Every structure is written in structure tokens, then in C-alpha cells.
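Undergrad: Submitted below is the structure of interest, expressed as C-alpha cells.
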Amino acid sequence: MKALVLAGGSGTRLRPITHTSAKQLVPVANKPVLFYGLEAIAAAGITEVGMVVGDTVDEITEAVGDGSKFGLDVTYIPQEKPLGLAHAVLISRDYLGDDDFAMYLGDNFVVGGIEEPLRAFRAHRPDAHLLLTRVADPRSFGVAELDASGRVRGLEEKPAHPRSDLALVGVYLFSPAIHEAVRAVQPSWRGELEITHAVQWLIDHGRDVRSSRISGYWKDTGNVSDMLEVNRLVLESVEPRCDGSVDADSELIGRVRVEEGATVRSSRIVGPAVIGAGAVVTDSYVGPFTSLGEDCRVEDSEVEFSIVLRNASITGVRRIEASLIGRHVRVTPAPHVPHAHRLVLGDHSQAQISS
């Protein structure tokens with residue numbers, strides 16, 4: 001069995017971060033989101049991975065390499081434009097051959113791995129096996145409707161009036177039957193080949209489409225609030241460790257990981273939090289659910305519930321929270337501007353000024 005990892009796309013919901021960085025490489029607890037997916041694939045016993053890449057190919061290949069550090073053999077598959085998930089399957093036909101495969105969206109985060117649904121797929125070997133989870137508002141997702149036996153009866157993409165609250169998670173398991181389906185469907189109103197349409201084609205042609213509900217946590221890290229939420233979740237399980245330098249005037253409270261080469265001086269760190277390698281925190285407060293990337297600088301400032309990417313610096317700022325700060329960013333106080341009021345008042349006017 002192979003895996004097809006989708007690592008293209010423009011990441012418009014994470015702009016401006018994704019103007020200069022691949023969305024799949026935005027870090028969660030100082031590790032790119034994409035890496036969690038690759039680790040889950042390796043843990044499931046899959047070693048051959050085709051990675052669909054777009055405009056950020058150079059950055060993705062630099063980060064992932066040949067896949068050997070994950071125990072994988074990665075082959076890169078260029079996609080000129082992000083024309084839909086089914087299009088990614090279509091252009092990967094030569095690589096996938098007649099093998100079964102798991103399709104994994106590179107910006108998705110699944111707690112609990114994919115080993116259990118893989119076992120179910122291998123045991124029954126349907127034409128497609130979908131991973132589902134209950135969501136509060138299904139209108140933002142692909143939604144599955146099941147029959148009485150639990151098989152998938154129908155799919156809708158972002159329906160205005162959902163028939164269920166079961167959303168598709170960004171992991172799909174397919175037999176080679178999906179190749180006929182992706183060739184048969186037409187572009188949607190978005191101009192994309194939708195994987196939901198391809199799976200619906202299988203259903204309409206009497207193919208066996210099954211599903212299972214994930215027991216763990218799933219998140220599409222497509223926007224800032226979702227990134228912060230996943231970062232919070234991962235930090236909940238961080239093991240406290242201090243491989244850096246923390247002076248006697250500093251205090252580490254709770255689950256705090258200070259990575260090698262990091263320095264904490266006259267500061268208070270309240271976990272769960274990660275201070276990246278080479279980072280320097282001076283005269284500052286770093287609060288819960290914060291990840292400081294490599295070589296960051298935080299001085300005379302307060303940061304909480306935030307992700308700060310490598311080489312960023314925050315100086316003399318109170319207070320930053322619920323923020324995603326990009327690489328090489330400089331955050332400083334605004335210069336003091338004297339307050340003045342310029343007035344042109346007619347005769348017998350009254351003016352009230354709050355000073």
C-alpha cells in the first residue's frame with residue numbers, strides 16, 4: 001500500500017504567513033504540521049509516499065528530503081495548479097499504479113493515527129473508505145450521509161442544509177477503482193475536480209464505499225484560530241525538559257520545554273510552552289500554549305497562547321496573545337507621539353476634550 005500526501009495549495013486562509021511559506025510547514029509545537037502526517041503514515045507501516053507539490057516545491061523538498069528521516073521513500077509529483085483533490089489523484093496515476101493507497105491532506109492534523117482505519121480497510125477492502133467525525137457546523141465541510149448499515153449513501157460538499165453532522169476528515173483510503181472515478185467527474189463550480197464527486201460516482205455506480213469515525217481529534221489547520229488550537233492541543237502533552245540555560249532569577253512553571261541552546265534570563269515561563277533552540281527570553285513573561293521557534297528573541301514583553309516562528313523578535317511589547325507571528329518579524333513599541341488637538345471653533349461654541 002502507498003500513501004499520497006497533498007502538499008500543494010496556496011493557503012489563502014493563512015495569509016500573510018503563506019505568502020512566503022508553505023502552509024504545511026507552519027509549525028505546531030515547533031514541528032511542521034506536515035511532519036505529524038508523515039509520522040502517522042510511517043507508524044501505520046506505509047513506506048512509499050507520493051507527495052503532490054505546487055509552487056512551494058522547493059521549501060517542501062528542503063524540509064522533507066527523500067523521506068528517510070521519517071522512515072519513508074518520498075517521490076515528488078508536481079501539480080502546476082491546485083485544481084482539486086481528485087485532480088491530485090488523476091496526475092498521480094503513474095506513481096500509484098494498481099496499488100491501494102491512503103490519501104492524506106498535508107495540512108490536516110489527526111490525533112490517534114490511521115492504523116485502525118487501515119486495518120478495517122485491509123480486512124474488508126472496499127472501493128473507498130472515508131474517515132468521518134462529528135462537527136458542530138457541517139456547512140463548512142464535505143458531509144457524508146450513511147445508510148442503516150453504516151455504508152456511505154451520499155456525499156455533499158459544504159451543503160447549505162446538511163443531511164448529517166458527519167464531516168470528512170482529510171484522510172481517504174482507496175482501491176484502484178478511484179482512478180476510473182476521477183477520470184469520469186467534471187469540474188465543480190469552483191473549477192476543481194472534487195474528491196467528493198469522485199466518491200459519489202463510485203456510490204452511484206454501485207461500488208462499496210464504507211466509513212469509520214475517528215476516535216481522536218482532527219483539525220484542518222487552514223486558518224490562524226485552528227493553528228492555535230492544534231498548537232494548544234499538542235502542548236498539552238509536552239514533557240517538561242530543560243536542555244538550555246535558565247538563570248536563578250527565572251521561573252519555569254508546569255510543562256515547559258527549553259530546547260538546547262535556548263537562554264532564559266529574569267523571566268517567568270508558564271507551561272505548557274516550548275522555547276525553541278537558540279531562543280533568548282529576557283525580562284519577560286511567556287504564558288501557556290505558546291511556542292517560540294528557533295532563535296527567537298523576547299525581551300521585556302509578554303506573550304501568551306501564540307505561535308512565534310523562527311528568528312522573530314518581540315521587544316518592549318505588552319501584551320501579545322492569540323497571535324501567529326512569522327519568521328524574521330520584528331515587533332517593537334510604536335514611537336511616542338505627543339497628543340495635540342487642532343480646533344477651528346465658531347463663536348459661542350462648546351467643546352469637550354478628553355485628555
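Residue numbering restarts at 1 in every chain; chains get A, B, ... in the order shown in the C-alpha cells, and ligands count up from 1 in that same order.
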If you count only C-alpha atoms, which residues fall within 9 Å of segment 262-275 of chain A, apart from same-chain ones fewer than 2 positions away, as an MDAnalysis selection string?

TA: chainID A and resid 29:30 232 235:240 243:260 277:296 300 305

Undergrad: I'd like to know which residues of segment 24-267 of chain A are alpha helix (DSSP H) (by DSSP, run on the backbone); could you write them as a PyMOL selection string?

TA: chain A and resi 33-43+57-64+85-91+93-96+115-124+177-184+195-204+224-235

Undergrad: Between atom CA of Glu194 of chain A and atom CA of Met103 of chain A, measure the distance and give it in Å to one decimal.

TA: 13.6 Å

Undergrad: Pick out each residue of segment 7-101 of chain A that DSSP on the backbone tags as strand (DSSP E or B); I need them as a ChimeraX atom specification.

TA: /A:7,27-28,31-32,48-53,73-78,101

Undergrad: Hey, which of A:Ala148, A:Ala128, A:Ala22, A:Leu6 ends up closest to Leu202 of chain A? Count only C-alpha atoms.

TA: A:Ala128

Undergrad: Between A:Ser313, A:Ser323, A:Gln24, A:Ser92, which is the closest to Ala63 of chain A once you count only C-alpha atoms?

TA: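 The closest residue to Ala63 of chain A is A:Gln24.
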